[in-house]
>>> print(open('run16.pdb').read())   # PDB, C-alpha atoms
MODEL        1
ATOM      1  CA  MET A 240      -4.030  19.004  80.173
ATOM      2  CA  THR A 241      -5.149  21.473  77.505
ATOM      3  CA  PHE A 242      -1.625  22.908  77.281
ATOM      4  CA  THR A 243      -0.147  19.420  76.852
ATOM      5  CA  ARG A 244      -2.593  18.570  74.081
ATOM      6  CA  ALA A 245      -1.910  21.871  72.357
ATOM      7  CA  CYS A 246       1.843  21.266  72.510
ATOM      8  CA  ALA A 247       1.394  17.750  71.178
ATOM      9  CA  ALA A 248      -0.776  18.992  68.312
ATOM     10  CA  ALA A 249       1.749  21.697  67.453
ATOM     11  CA  LEU A 250       4.615  19.201  67.560
ATOM     12  CA  PHE A 251       2.703  16.776  65.304
ATOM     13  CA  ALA A 252       1.966  19.536  62.794
ATOM     14  CA  ALA A 253       5.603  20.630  62.796
ATOM     15  CA  CYS A 254       6.813  17.065  62.257
ATOM     16  CA  THR A 255       4.314  16.508  59.427
ATOM     17  CA  LEU A 256       5.445  19.706  57.722
ATOM     18  CA  ALA A 257       9.096  18.727  58.102
ATOM     19  CA  ILE A 258       8.484  15.257  56.658
ATOM     20  CA  GLY A 259       6.551  16.705  53.712
ATOM     21  CA  SER A 260       9.273  19.257  53.061
ATOM     22  CA  ALA A 261      12.014  16.654  53.290
ATOM     23  CA  SER A 262      10.235  14.313  50.863
ATOM     24  CA  ALA A 263       9.805  17.163  48.388
ATOM     25  CA  ASP A 264      13.466  18.201  48.731
ATOM     26  CA  ASP A 265      14.598  14.638  48.241
ATOM     27  CA  TYR A 266      12.192  13.921  45.336
ATOM     28  CA  PRO A 267      12.587  11.794  43.314
ATOM     29  CA  ASN A 268      14.622   9.066  44.972
ATOM     30  CA  ARG A 269      13.091   6.146  43.056
ATOM     31  CA  PRO A 270      11.538   5.542  39.613
ATOM     32  CA  VAL A 271       8.438   7.473  38.565
ATOM     33  CA  THR A 272       5.570   5.708  36.780
ATOM     34  CA  MET A 273       3.977   7.635  33.919
ATOM     35  CA  ILE A 274       0.615   6.067  33.093
ATOM     36  CA  VAL A 275      -0.613   6.459  29.521
ATOM     37  CA  ALA A 276      -4.398   6.192  29.284
ATOM     38  CA  PHE A 277      -4.459   4.323  25.969
ATOM     39  CA  PRO A 278      -2.672   1.322  24.401
ATOM     40  CA  PRO A 279       0.668   1.597  22.577
ATOM     41  CA  GLY A 280       0.754   2.815  18.997
ATOM     42  CA  GLY A 281      -1.248   6.021  19.162
ATOM     43  CA  ALA A 282      -0.533   9.711  19.691
ATOM     44  CA  ASP A 283      -0.889   9.323  23.463
ATOM     45  CA  ASP A 284       1.808   6.658  23.720
ATOM     46  CA  ALA A 285       4.090   8.530  21.304
ATOM     47  CA  SER A 286       3.664  11.791  23.245
ATOM     48  CA  ALA A 287       4.769  10.078  26.462
ATOM     49  CA  ARG A 288       7.694   8.116  25.075
ATOM     50  CA  ILE A 289       9.114  11.095  23.182
ATOM     51  CA  ILE A 290       9.465  13.120  26.415
ATOM     52  CA  GLN A 291      10.367  10.133  28.599
ATOM     53  CA  ASP A 292      14.142  10.223  28.139
ATOM     54  CA  ALA A 293      14.566  13.984  28.455
ATOM     55  CA  MET A 294      12.326  14.146  31.535
ATOM     56  CA  GLN A 295      14.099  11.349  33.351
ATOM     57  CA  LYS A 296      17.463  12.985  32.688
ATOM     58  CA  ALA A 297      16.126  16.241  34.141
ATOM     59  CA  LEU A 298      14.750  14.444  37.212
ATOM     60  CA  GLY A 299      17.742  12.166  37.690
ATOM     61  CA  GLN A 300      15.471   9.121  37.955
ATOM     62  CA  THR A 301      13.971   6.542  35.623
ATOM     63  CA  ILE A 302      10.465   7.149  34.263
ATOM     64  CA  VAL A 303       8.559   3.950  33.517
ATOM     65  CA  VAL A 304       5.763   4.299  30.952
ATOM     66  CA  GLN A 305       2.760   2.093  31.762
ATOM     67  CA  ASN A 306      -0.057   1.752  29.220
ATOM     68  CA  ILE A 307      -3.501   1.134  30.732
ATOM     69  CA  GLY A 308      -6.292   1.095  28.154
ATOM     70  CA  GLY A 309     -10.036   0.731  28.500
ATOM     71  CA  ALA A 310     -13.245   2.722  28.949
ATOM     72  CA  GLY A 311     -12.024   5.703  26.945
ATOM     73  CA  GLY A 312      -9.083   6.302  29.265
ATOM     74  CA  MET A 313     -11.204   6.205  32.428
ATOM     75  CA  ILE A 314      -9.643   3.033  33.871
ATOM     76  CA  ALA A 315      -6.184   4.604  33.746
ATOM     77  CA  ALA A 316      -7.492   7.896  35.141
ATOM     78  CA  ASP A 317      -9.181   6.098  38.043
ATOM     79  CA  LYS A 318      -5.937   4.357  38.967
ATOM     80  CA  ALA A 319      -3.939   7.596  38.776
ATOM     81  CA  ALA A 320      -6.513   9.612  40.718
ATOM     82  CA  HIS A 321      -6.386   7.136  43.600
ATOM     83  CA  ALA A 322      -2.600   6.704  43.648
ATOM     84  CA  ASP A 323      -0.504   8.058  46.524
ATOM     85  CA  PRO A 324      -0.009  11.827  46.028
ATOM     86  CA  ASP A 325       3.759  11.590  46.287
ATOM     87  CA  GLY A 326       4.825  12.324  42.695
ATOM     88  CA  TYR A 327       5.737   8.728  41.890
ATOM     89  CA  THR A 328       2.595   8.111  39.827
ATOM     90  CA  ILE A 329       1.674  10.617  37.113
ATOM     91  CA  ILE A 330      -0.527  10.283  34.046
ATOM     92  CA  LEU A 331      -0.529  11.563  30.485
ATOM     93  CA  HIS A 332      -4.136  12.088  29.380
ATOM     94  CA  GLN A 333      -6.113  13.963  26.742
ATOM     95  CA  ASP A 334      -9.532  15.413  25.836
ATOM     96  CA  ALA A 335     -11.174  12.100  26.768
ATOM     97  CA  LEU A 336     -10.494  12.856  30.444
ATOM     98  CA  ALA A 337     -12.684  15.968  30.236
ATOM     99  CA  ALA A 338     -15.406  14.290  28.175
ATOM    100  CA  GLY A 339     -15.430  11.244  30.440
ATOM    101  CA  MET A 340     -16.922  13.243  33.285
ATOM    102  CA  ALA A 341     -20.225  13.411  31.390
ATOM    103  CA  LEU A 342     -19.879  10.271  29.263
ATOM    104  CA  TYR A 343     -19.482   7.915  32.228
ATOM    105  CA  PRO A 344     -22.095   8.876  34.861
ATOM    106  CA  ASN A 345     -20.774   6.309  37.370
ATOM    107  CA  HIS A 346     -17.160   7.517  37.419
ATOM    108  CA  THR A 347     -15.339   7.182  40.742
ATOM    109  CA  PHE A 348     -13.313  10.375  40.590
ATOM    110  CA  ASP A 349     -13.652  14.035  39.637
ATOM    111  CA  ALA A 350     -11.143  15.106  36.997
ATOM    112  CA  GLU A 351     -11.037  18.670  38.274
ATOM    113  CA  LYS A 352     -10.883  17.919  42.003
ATOM    114  CA  ASP A 353      -8.879  14.690  42.075
ATOM    115  CA  PHE A 354      -5.972  15.727  39.840
ATOM    116  CA  ALA A 355      -3.214  18.306  40.129
ATOM    117  CA  PRO A 356      -2.219  19.277  36.572
ATOM    118  CA  ILE A 357       1.539  19.393  35.916
ATOM    119  CA  GLY A 358       1.553  20.981  32.479
ATOM    120  CA  LEU A 359       0.353  20.903  28.879
ATOM    121  CA  VAL A 360       2.364  18.631  26.585
ATOM    122  CA  ASN A 361       1.151  19.129  23.019
ATOM    123  CA  THR A 362      -1.791  19.501  20.718
ATOM    124  CA  THR A 363      -2.590  18.184  17.282
ATOM    125  CA  ILE A 364      -4.858  19.104  14.393
ATOM    126  CA  ASN A 365      -7.619  17.067  12.756
ATOM    127  CA  THR A 366      -9.040  17.525   9.301
ATOM    128  CA  ILE A 367     -12.577  17.120   8.010
ATOM    129  CA  ALA A 368     -11.725  14.573   5.335
ATOM    130  CA  GLY A 369     -13.979  13.029   2.712
ATOM    131  CA  ARG A 370     -14.057   9.969   0.477
ATOM    132  CA  PRO A 371     -12.348  10.569  -2.889
ATOM    133  CA  THR A 372     -15.656  10.224  -4.792
ATOM    134  CA  LEU A 373     -17.444  12.926  -2.785
ATOM    135  CA  PRO A 374     -18.764  15.524  -5.289
ATOM    136  CA  ALA A 375     -17.776  18.525  -3.133
ATOM    137  CA  ASN A 376     -14.291  19.937  -3.809
ATOM    138  CA  ASN A 377     -14.161  22.700  -1.178
ATOM    139  CA  PHE A 378     -15.837  23.632   2.092
ATOM    140  CA  LYS A 379     -18.530  25.795   0.482
ATOM    141  CA  GLU A 380     -19.503  22.966  -1.856
ATOM    142  CA  LEU A 381     -19.410  20.491   1.040
ATOM    143  CA  LEU A 382     -21.811  22.595   3.089
ATOM    144  CA  ARG A 383     -24.172  22.921   0.119
ATOM    145  CA  TRP A 384     -24.023  19.157  -0.531
ATOM    146  CA  MET A 385     -24.678  18.315   3.125
ATOM    147  CA  LYS A 386     -27.707  20.656   3.227
ATOM    148  CA  GLU A 387     -29.427  19.075   0.244
ATOM    149  CA  PRO A 388     -32.963  17.888   1.123
ATOM    150  CA  GLY A 389     -32.977  14.388   2.594
ATOM    151  CA  ARG A 390     -29.181  14.298   2.932
ATOM    152  CA  SER A 391     -27.631  12.694   6.022
ATOM    153  CA  ALA A 392     -23.923  12.243   5.411
ATOM    154  CA  LYS A 393     -22.338   9.153   6.990
ATOM    155  CA  ILE A 394     -19.553  10.147   9.397
ATOM    156  CA  GLY A 395     -17.041   7.465  10.400
ATOM    157  CA  HIS A 396     -15.315   8.096  13.739
ATOM    158  CA  PRO A 397     -12.910   6.199  16.072
ATOM    159  CA  GLY A 398     -15.506   5.364  18.733
ATOM    160  CA  VAL A 399     -18.172   6.803  21.014
ATOM    161  CA  GLY A 400     -16.729   9.528  23.237
ATOM    162  CA  SER A 401     -13.467   9.899  21.298
ATOM    163  CA  PHE A 402     -12.276  13.362  20.320
ATOM    164  CA  GLY A 403     -13.011  12.452  16.717
ATOM    165  CA  HIS A 404     -16.592  11.604  17.626
ATOM    166  CA  LEU A 405     -17.369  14.541  19.927
ATOM    167  CA  GLY A 406     -15.441  17.007  17.784
ATOM    168  CA  GLU A 407     -17.432  16.010  14.700
ATOM    169  CA  VAL A 408     -20.721  16.199  16.627
ATOM    170  CA  LEU A 409     -19.868  19.761  17.652
ATOM    171  CA  VAL A 410     -18.654  20.728  14.172
ATOM    172  CA  PHE A 411     -21.729  19.493  12.315
ATOM    173  CA  GLN A 412     -24.017  20.857  15.008
ATOM    174  CA  GLU A 413     -22.527  24.314  14.454
ATOM    175  CA  MET A 414     -22.736  23.868  10.667
ATOM    176  CA  GLY A 415     -26.448  23.110  11.031
ATOM    177  CA  VAL A 416     -26.381  19.861   9.050
ATOM    178  CA  LYS A 417     -27.856  16.445   9.710
ATOM    179  CA  VAL A 418     -25.447  13.503   9.803
ATOM    180  CA  THR A 419     -25.419   9.793  10.588
ATOM    181  CA  GLN A 420     -22.621   8.840  12.989
ATOM    182  CA  VAL A 421     -20.879   5.514  12.262
ATOM    183  CA  PRO A 422     -18.655   4.370  15.161
ATOM    184  CA  TYR A 423     -15.567   2.201  14.640
ATOM    185  CA  ARG A 424     -13.186   0.500  17.024
ATOM    186  CA  GLY A 425     -10.344   2.938  16.479
ATOM    187  CA  ALA A 426      -9.064   5.428  13.915
ATOM    188  CA  GLY A 427      -7.512   2.780  11.649
ATOM    189  CA  PRO A 428     -10.715   0.917  10.712
ATOM    190  CA  ALA A 429     -12.556   4.241  10.265
ATOM    191  CA  LEU A 430      -9.885   5.453   7.836
ATOM    192  CA  ILE A 431      -9.956   2.205   5.840
ATOM    193  CA  ASP A 432     -13.690   2.519   5.250
ATOM    194  CA  LEU A 433     -13.393   6.222   4.388
ATOM    195  CA  LEU A 434     -10.768   5.439   1.754
ATOM    196  CA  ALA A 435     -13.039   2.691   0.417
ATOM    197  CA  GLY A 436     -15.994   5.071   0.227
ATOM    198  CA  GLN A 437     -18.082   3.177   2.791
ATOM    199  CA  VAL A 438     -18.618   6.429   4.729
ATOM    200  CA  ASP A 439     -18.689   9.996   3.438
ATOM    201  CA  LEU A 440     -16.567  11.936   5.913
ATOM    202  CA  GLY A 441     -14.386  11.455   8.937
ATOM    203  CA  PRO A 442     -12.066  13.192  11.383
ATOM    204  CA  ILE A 443      -8.534  12.329  10.237
ATOM    205  CA  SER A 444      -5.405  13.688  11.885
ATOM    206  CA  ALA A 445      -3.730  16.232   9.633
ATOM    207  CA  VAL A 446      -0.401  14.431   9.563
ATOM    208  CA  VAL A 447      -2.128  11.206   8.395
ATOM    209  CA  ALA A 448      -4.362  13.028   5.934
ATOM    210  CA  GLN A 449      -1.562  15.020   4.260
ATOM    211  CA  PRO A 450      -0.111  12.330   1.947
ATOM    212  CA  LEU A 451      -3.558  10.874   1.238
ATOM    213  CA  VAL A 452      -4.942  14.251   0.189
ATOM    214  CA  LYS A 453      -1.919  15.065  -1.937
ATOM    215  CA  SER A 454      -2.152  11.697  -3.714
ATOM    216  CA  GLY A 455      -5.880  12.133  -4.354
ATOM    217  CA  LYS A 456      -6.939   9.253  -2.110
ATOM    218  CA  LEU A 457      -8.872  11.601   0.181
ATOM    219  CA  LYS A 458     -10.445  15.034  -0.037
ATOM    220  CA  ALA A 459     -10.052  17.517   2.817
ATOM    221  CA  TYR A 460     -12.221  20.541   3.527
ATOM    222  CA  ALA A 461     -11.044  22.240   6.712
ATOM    223  CA  VAL A 462      -8.958  21.723   9.831
ATOM    224  CA  ILE A 463     -10.364  21.332  13.323
ATOM    225  CA  GLY A 464      -7.855  23.214  15.422
ATOM    226  CA  THR A 465      -6.804  26.664  16.525
ATOM    227  CA  LYS A 466      -4.395  27.150  13.623
ATOM    228  CA  ARG A 467      -3.738  25.899  10.101
ATOM    229  CA  PHE A 468      -1.630  22.835   9.377
ATOM    230  CA  ALA A 469       1.616  23.602   7.546
ATOM    231  CA  GLY A 470       1.388  20.399   5.495
ATOM    232  CA  LEU A 471      -2.011  21.407   4.046
ATOM    233  CA  PRO A 472      -1.827  25.206   4.179
ATOM    234  CA  GLN A 473      -4.793  25.700   1.844
ATOM    235  CA  LEU A 474      -7.204  24.369   4.465
ATOM    236  CA  LYS A 475      -8.780  27.030   6.663
ATOM    237  CA  THR A 476      -9.660  26.498  10.305
ATOM    238  CA  MET A 477     -13.333  26.245  11.209
ATOM    239  CA  GLU A 478     -12.992  29.542  13.050
ATOM    240  CA  GLU A 479     -11.642  31.195   9.883
ATOM    241  CA  LEU A 480     -14.673  29.816   8.048
ATOM    242  CA  GLY A 481     -16.951  31.665  10.454
ATOM    243  CA  TYR A 482     -17.561  29.108  13.203
ATOM    244  CA  LYS A 483     -16.273  30.922  16.278
ATOM    245  CA  LYS A 484     -17.094  28.115  18.736
ATOM    246  CA  LEU A 485     -14.890  25.645  16.891
ATOM    247  CA  ASP A 486     -11.443  26.788  18.046
ATOM    248  CA  ILE A 487     -10.819  23.311  19.456
ATOM    249  CA  ASP A 488      -7.668  21.228  19.701
ATOM    250  CA  PHE A 489      -6.853  17.640  20.595
ATOM    251  CA  TRP A 490      -4.499  18.035  23.572
ATOM    252  CA  HIS A 491      -2.311  16.042  25.934
ATOM    253  CA  MET A 492      -1.362  17.045  29.469
ATOM    254  CA  LEU A 493       0.493  15.564  32.434
ATOM    255  CA  LEU A 494      -1.292  15.265  35.774
ATOM    256  CA  ALA A 495      -0.599  13.987  39.281
ATOM    257  CA  PRO A 496      -3.052  12.943  42.005
ATOM    258  CA  ALA A 497      -4.592  15.849  43.930
ATOM    259  CA  GLY A 498      -2.697  16.532  47.131
ATOM    260  CA  THR A 499       0.728  16.073  45.546
ATOM    261  CA  PRO A 500       2.928  18.717  47.249
ATOM    262  CA  ARG A 501       3.411  21.835  45.126
ATOM    263  CA  PRO A 502       7.241  21.595  45.274
ATOM    264  CA  ILE A 503       6.969  18.161  43.624
ATOM    265  CA  ILE A 504       4.534  19.476  40.992
ATOM    266  CA  ASP A 505       7.038  22.262  40.298
ATOM    267  CA  LYS A 506       9.895  19.766  39.875
ATOM    268  CA  LEU A 507       7.824  17.709  37.452
ATOM    269  CA  ASN A 508       6.787  20.824  35.555
ATOM    270  CA  ALA A 509      10.419  21.944  35.313
ATOM    271  CA  ALA A 510      11.411  18.513  33.956
ATOM    272  CA  LEU A 511       8.568  18.674  31.418
ATOM    273  CA  ARG A 512       9.723  22.121  30.283
ATOM    274  CA  VAL A 513      13.294  20.847  29.864
ATOM    275  CA  ALA A 514      11.960  17.975  27.734
ATOM    276  CA  LEU A 515       9.768  20.235  25.600
ATOM    277  CA  ALA A 516      12.741  22.533  24.940
ATOM    278  CA  ASP A 517      14.913  19.618  23.786
ATOM    279  CA  PRO A 518      15.619  19.883  20.004
ATOM    280  CA  LYS A 519      15.137  16.120  19.564
ATOM    281  CA  VAL A 520      11.709  16.271  21.226
ATOM    282  CA  LYS A 521      10.739  19.307  19.156
ATOM    283  CA  LYS A 522      11.663  17.538  15.915
ATOM    284  CA  LEU A 523       9.894  14.284  16.783
ATOM    285  CA  TYR A 524       6.738  16.137  17.757
ATOM    286  CA  ALA A 525       6.842  18.293  14.620
ATOM    287  CA  ASP A 526       7.403  15.245  12.394
ATOM    288  CA  GLY A 527       4.383  13.585  14.006
ATOM    289  CA  GLY A 528       2.128  16.606  13.561
ATOM    290  CA  LEU A 529       2.162  17.394  17.278
ATOM    291  CA  ASP A 530       2.382  21.088  18.167
ATOM    292  CA  GLN A 531       3.826  22.376  21.437
ATOM    293  CA  TYR A 532       2.192  25.075  23.517
ATOM    294  CA  PRO A 533       3.917  28.454  23.922
ATOM    295  CA  PRO A 534       6.180  28.592  27.037
ATOM    296  CA  ASP A 535       3.733  30.819  28.926
ATOM    297  CA  GLN A 536       1.117  28.054  28.594
ATOM    298  CA  GLU A 537       3.343  25.306  29.999
ATOM    299  CA  THR A 538       2.422  26.076  33.630
ATOM    300  CA  PRO A 539       0.289  23.949  35.974
ATOM    301  CA  GLU A 540      -2.176  26.839  36.158
ATOM    302  CA  ALA A 541      -2.634  26.938  32.372
ATOM    303  CA  ALA A 542      -3.231  23.178  32.311
ATOM    304  CA  ALA A 543      -5.781  23.434  35.139
ATOM    305  CA  ALA A 544      -7.622  26.249  33.366
ATOM    306  CA  LEU A 545      -7.765  24.285  30.104
ATOM    307  CA  LEU A 546      -9.044  21.170  31.871
ATOM    308  CA  LYS A 547     -11.812  23.182  33.549
ATOM    309  CA  ARG A 548     -12.892  24.745  30.227
ATOM    310  CA  GLU A 549     -12.820  21.401  28.433
ATOM    311  CA  ILE A 550     -14.914  19.639  31.078
ATOM    312  CA  LYS A 551     -17.572  22.297  30.513
ATOM    313  CA  ARG A 552     -17.272  22.250  26.698
ATOM    314  CA  TRP A 553     -17.439  18.480  26.199
ATOM    315  CA  GLY A 554     -19.932  17.996  29.003
ATOM    316  CA  ASP A 555     -22.307  20.336  27.193
ATOM    317  CA  VAL A 556     -21.808  18.430  23.916
ATOM    318  CA  VAL A 557     -22.409  15.055  25.580
ATOM    319  CA  ARG A 558     -25.496  16.143  27.482
ATOM    320  CA  SER A 559     -27.130  18.156  24.689
ATOM    321  CA  ASN A 560     -26.731  15.237  22.275
ATOM    322  CA  HIS A 561     -27.594  12.519  24.812
ATOM    323  CA  ILE A 562     -24.299  10.705  24.234
ATOM    324  CA  PHE A 563     -23.510   8.312  27.059
ATOM    325  CA  ALA A 564     -21.047   5.430  27.119
ATOM    326  CA  LYS A 565     -22.356   2.006  28.094
TER     327      LYS A 565
ENDMDL
END
>>> encode(input="run16.pdb", output="structure tokens")
Amino acid sequence: MTFTRACAAALFAACTLAIGSASADDYPNRPVTMIVAFPPGGADDASARIIQDAMQKALGQTIVVQNIGGAGGMIAADKAAHADPDGYTIILHQDALAAGMALYPNHTFDAEKDFAPIGLVNTTINTIAGRPTLPANNFKELLRWMKEPGRSAKIGHPGVGSFGHLGEVLVFQEMGVKVTQVPYRGAGPALIDLLAGQVDLGPISAVVAQPLVKSGKLKAYAVIGTKRFAGLPQLKTMEELGYKKLDIDFWHMLLAPAGTPRPIIDKLNAALRVALADPKVKKLYADGGLDQYPPDQETPEAAAALLKREIKRWGDVVRSNHIFAK
């Protein structure tokens, strides 16, 4: 009896392994859905659609982009985390995935445990931008102005828990200045009020800020990112200005549900690498102010390591500042 059961168990295991191997060998044999965690029109949607064509050519199957907004990207992440781990549902997400672990205490998934990262897609740079009537003309003057007795600069940001919000909290915390956070429903309304002088400062993407700074409609004091922005080369990074903890970037990565077979992850990673090497993709990303990671950082392991670090970083910011989404 024991021998029979042992044989049956061994046969079942062998069959399961064979089926898993066959499905990976044969993958993909139908369209792949790429969920984007935010509505159309932003950097997330653009990042996905720019690589869509090149990736589907590399895979030999259609990739369908599906935008699912809401709750700072958590609704989309929940759906992707609970999808079948067969490689036919993947998600493009960003810093909000890491921050969401602390921002939303009642989340139904664990970003680190319930996802298998495929690879890093791109990163972009934000500026610390100010209203045109702000008296400070450089970072040193800005810091002095913000530290004046009784001063609490008004900071407009795209919404609670956004990279713009949490990044600015961390930046001004490190600068040792008091600020008043003013949340908006998106980057567009925040920018409109900054241009109108209704708020003092705001996190504006470098590619958006460039023409506004050059035309005198905005002032810019530094970039929030790991390197300078070619369009505004005079602006130093926060790290260059002496703030070592502020080597932060706004990133996008591709992920699959945890349990997706490694051969399928490898096929998706290979397709992503083909897309990122495509001259058309490179140009579109560059024109949009989106920087690609070096080839040695395009691995699933590099993406997993970044996600782990970012969950810790943004979790600390959220908890230490008592920022929680409702």
>>> residues_around(input="run16.pdb", residues="region 537-552 of chain A", least_positions_apart="6", cutoff="6 Å", atoms="only C-alpha atoms", output="PyMOL selection string")
chain A and resi 337+356-359
>>> atom_distance(input="run16.pdb", atom1="CA of Glu351 (chain A)", atom2="CA of Gln295 (chain A)")
26.6 Å
>>> resolve_selection(input="run16.pdb", expression="the PyMOL selection byres ((chain A and resi 299) around 10)", output="list in words")
Tyr266, Pro267, Asn268, Arg269, Pro270, Ala293, Met294, Gln295, Lys296, Ala297, Leu298, Gln300, Thr301, Ile302 and Ala510 of chain A
>>> resolve_selection(input="run16.pdb", expression="the PyMOL selection byres ((chain A and resi 333) around 9)", output="ChimeraX atom specification")
/A:276,283,312,331-332,334-337,402,489-493
>>> residues_around(input="run16.pdb", residues="Gly389 (chain A)", least_positions_apart="6", cutoff="12 Å", atoms="all atoms listed in the file", output="list in words")
Val416, Lys417, Val418 and Thr419 of chain A
>>> atom_distance(input="run16.pdb", atom1="CA of Leu405 (chain A)", atom2="CA of Ile463 (chain A)")
11.8 Å
>>> residues_around(input="run16.pdb", residues="Val556 (chain A)", least_positions_apart="6", cutoff="12 Å", atoms="only C-alpha atoms", output="list of chain:residue names")
A:Ala337, A:Ala338, A:Gly339, A:Met340, A:Ala341, A:Leu342, A:Gly400, A:Phe402, A:His404, A:Leu405, A:Gly406, A:Glu407, A:Val408, A:Leu409, A:Val410, A:Phe411, A:Gln412, A:Glu413, A:Lys484, A:Glu549, A:Ile550, A:Ile562, A:Phe563
>>> build_atoms(input="run16.pdb", residues="region 295-309 of chain A", atoms="N, CA and C atoms", output="compact mmCIF listing (two decimals), in the coordinates of the input")
# COMPACT_ATOMS: atom_id res chain seq x y z
N GLN A 295 13.41 12.13 32.32
CA GLN A 295 14.10 11.35 33.35
C GLN A 295 15.53 11.85 33.55
N LYS A 296 16.13 12.38 32.51
CA LYS A 296 17.46 12.98 32.69
C LYS A 296 17.36 14.23 33.56
N ALA A 297 16.31 15.02 33.35
CA ALA A 297 16.13 16.24 34.14
C ALA A 297 15.84 15.92 35.60
N LEU A 298 15.11 14.83 35.84
CA LEU A 298 14.75 14.44 37.21
C LEU A 298 15.86 13.64 37.90
N GLY A 299 16.71 13.01 37.11
CA GLY A 299 17.74 12.17 37.69
C GLY A 299 17.22 10.82 38.14
N GLN A 300 16.07 10.42 37.63
CA GLN A 300 15.47 9.12 37.96
C GLN A 300 14.78 8.54 36.73
N THR A 301 14.65 7.23 36.72
CA THR A 301 13.97 6.54 35.62
C THR A 301 12.48 6.86 35.63
N ILE A 302 11.92 7.04 34.43
CA ILE A 302 10.46 7.15 34.26
C ILE A 302 10.01 5.91 33.51
N VAL A 303 9.09 5.18 34.11
CA VAL A 303 8.56 3.95 33.52
C VAL A 303 7.19 4.27 32.92
N VAL A 304 7.05 4.06 31.61
CA VAL A 304 5.76 4.30 30.95
C VAL A 304 4.91 3.04 31.08
N GLN A 305 3.68 3.21 31.57
CA GLN A 305 2.76 2.09 31.76
C GLN A 305 1.46 2.38 31.02
N ASN A 306 1.17 1.58 30.00
CA ASN A 306 -0.06 1.75 29.22
C ASN A 306 -1.21 1.01 29.88
N ILE A 307 -2.29 1.73 30.15
CA ILE A 307 -3.50 1.13 30.73
C ILE A 307 -4.68 1.60 29.89
N GLY A 308 -5.18 0.73 29.02
CA GLY A 308 -6.29 1.10 28.15
C GLY A 308 -7.63 0.75 28.78
N GLY A 309 -8.70 1.11 28.08
CA GLY A 309 -10.04 0.73 28.50
C GLY A 309 -10.92 1.88 28.92
